[in-house]
Every structure is written in structure tokens, then in C-alpha cells.
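Asker: My questions will all concern the structure given below.
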Amino acid sequence: MSGMFVHNLRLGTNSLRRNPLLTALMIMSIGFGVAASMVTYAVFRAVSGDPIPQKSAQLFAPQIDNRGPQYNREGEPPDALNYTDAMALMRAHKATRQTLLFQVGLSVTPDDAHRMPFKALGYATYGDFFPMFDVPFQYGDGWGAEQDQGREPVVVISRALNQKLFGGENSVGRRLMLEDRQYRIVGVTENWDPKPRFFDMFSGNAYADPPQVYIPFTYAIDQRIDTYGNNNCGSDGKRGNDFDSWLRGECVWISPWVELNTADQVQAFRQFLDGYAEEQRKAGRFNWAPNNRLRDVHAWLDHEHAVPPESRISLSLALGFLLICLVNTIGLLLAKFMRRAPEIGVRRALGASRADIYRQFLAEAAMVGLAGGVLGLVLTGAGMFGVGLVFEPQIARLAHLDISLVALTLLLAIAATVLAAFYPTWRAAQVQPAWQLKSN
Amino acid sequence: MLKMTHLSKVYRTEVVETYALRDFNINVNEGEFVAVTGPSGSGKTTFLTIAGLLETFTGGQYHLDGVEVSNLNDNERSKIRNEKIGFIFQAFNLIPDLNVYDNVEVPLRYRGMKSPERKDRIMNALERVGLASRAKHYPAELSGGQQQRVAIARALAGSPRLLLADEPTGNLDTQMARGVMELLEEIHREGATIVMVTHDPELAARAQRNVHIIDGQVVDLAEDPRFHHAVHSARANSPA
């Protein structure tokens with residue numbers, strides 16, 4: 001069987017060599033169709049993947065409606081919390097782990113006086129952030145509840161920032177100047193950059209550069225460090241005149257996350273949210289029925305439209321283009337195969353069954369597919385440079401040609417061509433040997 | 001070896017039914033050399049394609065080597081064609097893109113034969129038709145006679161028990177035709193059953209038995225004095 005398979009591949013290769021123009025047309029058709037699909041798929045894959053597959057079902061983003069139905073779009077509560085609700089959530093401590101976070105942009109002053117200060121982006125958060133999101137560490141670790149409660153000036157920095165400031169050495173215990181305040185480094189993360197950055201969709205950082213610093217939320221509030229991310233005060237809301245009135249107001253700017261490991265925990269947390277909202281209603285702060293949400297990572301990413309619409313559209317268009325290319329290939333294969341009706345008649349007369357004809361011609365189609373796949377790979381590689389013309393740079397740079405995409409390109413090209421070849425091959429297998437031989 | 005009883009073949013369109021064979025009866029014994037003659041359109045080639053399992057029939061029975069073939073599926077028919085039947089066509093029907101060696105190899109490949117055995121059989125068959133030295137040539141590089149000899153080698157390589165030849169010398173000049181005919185006679189002497197369709201009375205005369213087909217039916221030669229006379233004349237003039 002394998003001998004015959006190899007023989008069929010050889011026949012297929014020879015057959016392709018005989019009609020170079022027809023062969024080139026087929027290969028180009030497959031190559032362009034597959035490349036268009038793969039380039040757009042590379043982007044789609046990058047933006048639609050599960051950023052934290054091991055825990056995406058246990059991590060939840062709570063939402064509390066602190067504004068009322070007149071300000072909500074399609075009945076949805078805001079995508080972030082105000083300080084009052086965020087603090088209430090932390091005080092209640094109803095989840096296995098919980099954290100709040102908001103983006104900070106801090107000026108870093110290197111020890112070396114010859115080096116210029118620069119801006120580092122990161123998050124003010126709680127110590128639970130690191131174990132909740134399985135943040136990997138190169139040196140040290142995150143901080144604990146003690147530092148949160150003690151409102152201590154500690155910092156976790158990224159591997160890249162550690163490289164930049166300390167040449168990659170273990171900097172745990174060293175001091176770092178951020179915005180004229182001295183912090184103690186407690187940990188250096190590995191290169192950790194989940195995409196999309198599910199925990200900070202609110203500030204539009206889904207595909208932003210990796211965070212560089214993490215400081216305690218409590219210390220950031222004490223130091224009146226403002227958010228570097230979004231702050232939404234509603235259509236007629238006001239931020240207030242100073243930091244304290246902002247904290248007391250209804251502007252939303254804090255992303256909360258909780259870890260809930262069982263269905264009962266999830267149920268209990270929903271009840272807690274509703275109970276809290278009901279309390280607020282009774283207290284006169286909310287004049288509406290509880291309107292809360294508790295979404296896991298997948299539901300949250302869907303809600304936040306993490307997959308850009310242009311990615312879906314371009315993938316659909318590319319698949320449509322591939323379909324057109326395949327229809328074209330069907331026509332070309334049909335022309336090629338039926339031109340060989342006399343040969344098919346002879347082979348049938350000499351003992352080839354219809355199954356043999358199928359095997360021979362599908363093997364030939366597979367060779368076309370393989371050649372189309374190789375061309376598709378080259379074009380996909382070239383196409384990666386053009387992704388930026390269609391997508392925003394931060395999304396475009398996520399698309400890359402890795403080994404899985406190479407394998408998928410070849411597999412798609414071969415499978416699609418073999419699929420396209422079924423009708424021409426069926427027609428070839430229907431050739432009546434008697435008629436072919438009589439007509440000769 | 002080959003027995004057709006009340007066999008019919010009808011080509012139907014929406015408005016007309018055409019009988020290519022009607023109440024067709026023939027019995028060819030093992031080891032016989034039978035020439036099938038008849039005017040154009042009489043059903044000779046249809047008979048041959050049905051005999052070679054290249055075409056199905058409409059009614060009647062056909063036993064090939066003791067097997068009733070009407071209920072066989074495509075795989076079974078292909079296997080019988082491959083193992084028991086050799087074909088020689090008027091137009092040679094070599095595959096132009098394969099060289100002589102590869103052309104002769106085609107039926108052996110479908111039989112699943114191992115490479116060394118295939119090689120032995122191919123070279124023996126080519127030596128037998130005198131073309132071993134042309135194994136790497138392509139059909140277009142050979143004369144008509146040589147191409148037909150390759151086709152015969154291809155038919156012989158599988159050691160078929162039944163050789164079906166459709167006007168095997170129809171496209172050849174007299175000298176080449178004689179060479180091909182001598183080869184067929186030699187193959188017959190070695191035990192193969194041969195059924196040969198021909199227009200040529202001289203070739204027909206060299207067969208052991210003649211079967212005449214008119215309007216899709218076998219007719220008794222004794223009832224057709226004109227053909228009987230033609231065959232006699234041909235036999236009288238034949239060098240063999």
C-alpha cells in the first residue's frame with residue numbers, strides 16, 4: 001500500500017511537471033488563498049486565545065451598577081468600580097483571593113545620576129494579584145497581605161525593567177526611586193504578558209506593552225497617585241476638585257478581580273454583590289434594583305469585545321477568498337484530470353479499480369496542495385509584514401509565523417486541495433473505459 | 001473459458017432503445033484462438049468490452065472462467081481484469097507519459113506485485129516482443145509496430161489466461177501486422193486463450209475458429225456463403 005502511495009505521488013509529480021502553466025495556476029491559487037487565510041488567522045489567533053487557560057474559569061470580574069439605568073448602555077453596569085464599592089468588596093473578603101488594580105505611570109529615577117529618568121507603566125494592586133494570575137518570578141516574589149495592610153512602599157518590577165536598571169542582576173532588596181519616593185524591590189517577574197491583558201480591558205490595554213512595575217494599591221492611594229488609565233465619571237458626572245472627593249465620588253476607574261474555585265463560591269459571591277447593592281439602595285445611594293455582573297475571563301473578554309471586529313471580518317473575507325481559490329482549483333483540476341480520460345480508460349482496463357483512480361488523483365491533488373502550501377508559507381511570511389497596514393500596530397505585532405502556523409499552513413493547503421479534488425476525481429473515476437477505448 | 005448465453009446489451013435514450021447485442025450466444029474454450037468478424041457497427045467491440053468486463057450487459061448470462069460476472073462489484077471486476085485478462089487495442093493505448101518499462105508495469109502495480117518480480121516479468125515480456133533494449137523509450141519514440149508490441153508485452157506480463165485483441169493490426173502496415181500476428185500465434189501455442197476482433201479475413205483465417213457477428217448476434221458462417229468464400233480464399237493464400 002505504501003509502495004503504491006509513493007508511486008502515486010511520483011505519478012502526481014510527473015503529471016504536474018507536464019503541464020507547468022496549469023500547475024502554476026493551481027499552485028498560485030492555493031498559495032494565495034491559504035496565505036490570506038493564515039495571515040488573518042495569525043492575528044485572530046493572537047487576539048482570541050485564552051490568556052490564562054489554567055485559571056480562566058476561576059477568575060471573575062465583578063461589576064456593580066453605581067450609576068443607574070439611565071446611564072447604562074443596554075442595561076450593562078460600568079466595566080469598573082468606583083473607590084467606595086471597590087473598598088467594600090475588599091473589606092468583605094468573600095473570595096479565595098481578591099484584588100483591585102488601576103494603571104499607574106511612574107517616573108523612574110535610575111541610581112546612576114548620568115541616566116535620565118523615564119516613565120514606567122504598571123499597576124497599583126493588592127498582593128493577591130500575583131498568585132491569582134500565576135505571575136512567574138525571576139527573583140523574589142510578590143508582596144503579602146501584611147504589606148498591603150501596612151501600606152508599605154514595596155515594588156515588583158519586570159524582568160525587562162530589572163535588565164534596564166540593574167543589568168539583570170538579582171535586585172531584590174534594592175531601592176528604586178519612583179516619583180521621588182523610595183520603594184523596596186521585593187520581586188522581579190519573568191517576561192509575563194498575557195494577551196489580551198484580560199485584567200485591564202477597562203483602560204484599553206488589551207494589547208499594550210508589558211507592565212513594568214507593580215506597587216501596593218493601598219500605598220498608591222495614601223500617596224495620592226492618580227490613575228494613568230481610564231476614569232469614567234458618566235455622561236454628566238464630575239471628578240471633583242481634589243483627590244479625596246474623587247475617591248468619594250461615583251467615577252469608576254478600578255478593575256476588581258476575584259478568584260472563586262467552586263460553583264458554590266460563585267453563587268455565594270453573586271448573592272454578596274446583590275446583597276451589597278440592596279444595602280446601598282436601602283441607604284439611599286442606589287435608586288434602582290441590584291444590577292450586578294460576575295463574569296469569568298471568557299465571558300469578560302466577550303463582553304469587552306477583546307477580538308477586534310476587523311480581525312473577524314478580515315478572517316471571514318480571507319476564508320471567502322480561499323473558497324473562491326478552491327472553486328478555481330476545482331475547475332483547473334477538472335480540466336487537468338478529464339484531459340487524461342484516455343489514460344484513465346487504459347488504467348481501468350488494466351485492472352485499476354475506481355478506488356485506485358481515487359488514490360492516484362487525490363495523491364496528485366495532495367502534491368498540488370503541498371506545493372501550494374509551500375508558496376502559501378512564503379506569502380504568509382511576507383504577509384506578516386503587511387499586517388500593520390490593516391491592524392493597529394500593537395495588534396499587528398502579535399501575529400507571527402511559528403512552527404504551529406507553518407504546520408497549519410501546509411495542512412490547510414493539502415487538506416483544502418484534496419477536498420477540492422474530490423469532485424474532479426469522482427468525475428475521473430466515472431470515466432467509462434469501454435467508451436474511451438472504443439473512441440480511440 | 002468464456003460463455004455468454006442469451007446476452008443482450010441495450011443503449012437507452014429517452015426516445016430510443018438500441019440493441020448492440022441481442023440474444024448473443026458464444027462459447028470460447030480454454031486454449032482456443034477465436035477470430036470475431038463482422039461489419040462495422042455489428043457489435044464486435046461491444047462484445048469484446050463486455051467480455052473484458054469493461055462494460056456491463058443488460059440481460060442474459062456471462063460466465064468467465066466459471067464465474068458468473070453480472071453480480072460482481074467494481075473491485076471484483078477490476079481484479080479479474082487485472083489477473084485473468086490481457087487487452088490489446090487497435091490504437092495501442094499506451095500511456096504517453098510513461099516509458100516502455102513503466103507502461104508494461106501498470107497492470108503489475110495494480111496486482112500489488114513486489115518490485116523484483118515486476119522487473120523480471122517486465123523484462124521477460126519485453127524480451128519476448130524484442131523490445132528489451134527500448135525499455136527507457138517513450139511511446140512517441142517508437143514505430144506503430146513497436147508500440148503494439150509494447151502493448152502485447154504489457155498484456156503478457158501479467159500472464160493472463162484470456163487475451164482480448166481489438167483489431168490489433170488495424171493501425172499497422174502489412175509487414176508489421178504480420179509480425180504482430182505471428183506473436184499472437186506464438187502466445188496461443190503456449191496455451192493462452194485468444195479472442196480477436198478483426199475486419200481482416202486473412203487474419204481471421206489464421207485463427208482456429210471464426211465467429212461472425214451481424215446486428216448484434218452471432219450468425220452461423222455456413223449460412224453466409226459470401227463470408228465463407230472469403231475465408232476460404234484467404235486460407236488458400238495464407239503462407240502459414
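A note on labels: chains of the C-alpha cells are A, B, ... as shown, every chain counts residues from 1, and ligands are counted from 1 in their shown order.
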Within 7 Å of chain A, which residues of chain B show up? Give each one with its shortest atom-to-atom distance in Å (one decimal) and the two atoms involved, counting only C-alpha atoms, rows by chain then rising residue number, as CSV.
Answerer:
```
residue,atom,partner,partner_atom,distance
B:Thr49,CA,A:Ala434,CA,5.9
B:Leu54,CA,A:Ala434,CA,5.4
B:Glu55,CA,A:Ala434,CA,6.0
B:Asp74,CA,A:Ser353,CA,6.3
B:Asn75,CA,A:Ser353,CA,5.5
B:Ser78,CA,A:Gly351,CA,4.6
B:Lys79,CA,A:Gly351,CA,5.9
B:Arg81,CA,A:Gly351,CA,5.2
B:Asn82,CA,A:Gly351,CA,4.0
B:Ala91,CA,A:Asn440,CA,6.0
B:Asn93,CA,A:Val346,CA,6.5
B:Ile95,CA,A:Glu343,CA,5.9
B:Pro107,CA,A:Leu350,CA,5.2
B:Tyr110,CA,A:Ala352,CA,6.1
```
Asker: Could you pull out the residues in segment 35-142 of chain A that DSSP calls strand (DSSP E) from the backbone, as a ChimeraX atom specification?
Answerer: /A:59-64,97-109,118-125,137-140
Asker: Per DSSP on the backbone, filter segment 264-373 of chain A down to the residues in alpha helix (DSSP H) and report them as a PyMOL selection string.
Answerer: chain A and resi 264-282+297-303+309-338+341-349+354-373
Asker: Using only C-alpha atoms, which residues sit within 12 Å of segment 136-151 of chain A once same-chain residues fewer than 2 positions away are excluded, as a VMD selection string?
Answerer: chain A and resid 90 to 91 97 to 100 124 to 134 153 to 160 162 to 163 168 to 174 183 to 194 213 to 223
Asker: Do you know which residues are at most 8 Å from Val28 of chain B counting only C-alpha atoms, after dropping those on the same chain fewer than 4 positions away, and could you put them as a PyMOL selection string?
Answerer: chain B and resi 1-3+32+34
Asker: Show which residues sit within 10 Å of Thr109 of chain A, as a list in words. Count only C-alpha atoms, and ignore same-chain residues fewer than 2 positions away.
Answerer: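 Returned residues: Leu106, Ser107, Asp111, Asp112, Ala113, Arg115, Met116, Pro117, Phe118, Lys119, Leu165, Leu176, Met177, Leu178, Glu179, Asp180, Arg181 and Gln182 of chain A.
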Asker: Show me, as a PyMOL selection string, the residues that have an atom within 12 Å of segment 328-336 of chain A when counting only C-alpha atoms, minus same-chain residues fewer than 5 positions from it.
Answerer: chain A and resi 12+15-16+18-33+321-323+341+343+361-362+364-366+368-369+372+413+416-429
Asker: Contacts of Leu48 of chain B at 12 Å or less, counting only C-alpha atoms, minus same-chain residues fewer than 5 places along, as a ChimeraX atom specification?
Answerer: /A:349,434,437-438 /B:2,4,20-21,26,34-37,42-43,53-57,85-89,162-167,194-198,213,216
Asker: Compare A:Asp402, A:Glu74, A:Glu304, A:Asp65 by their minimum atom-to-atom distance to Phe198 of chain A, counting only C-alpha atoms, and give me the closest one.
Answerer: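 With only C-alpha atoms as the atom set, the closest residue is A:Glu304.
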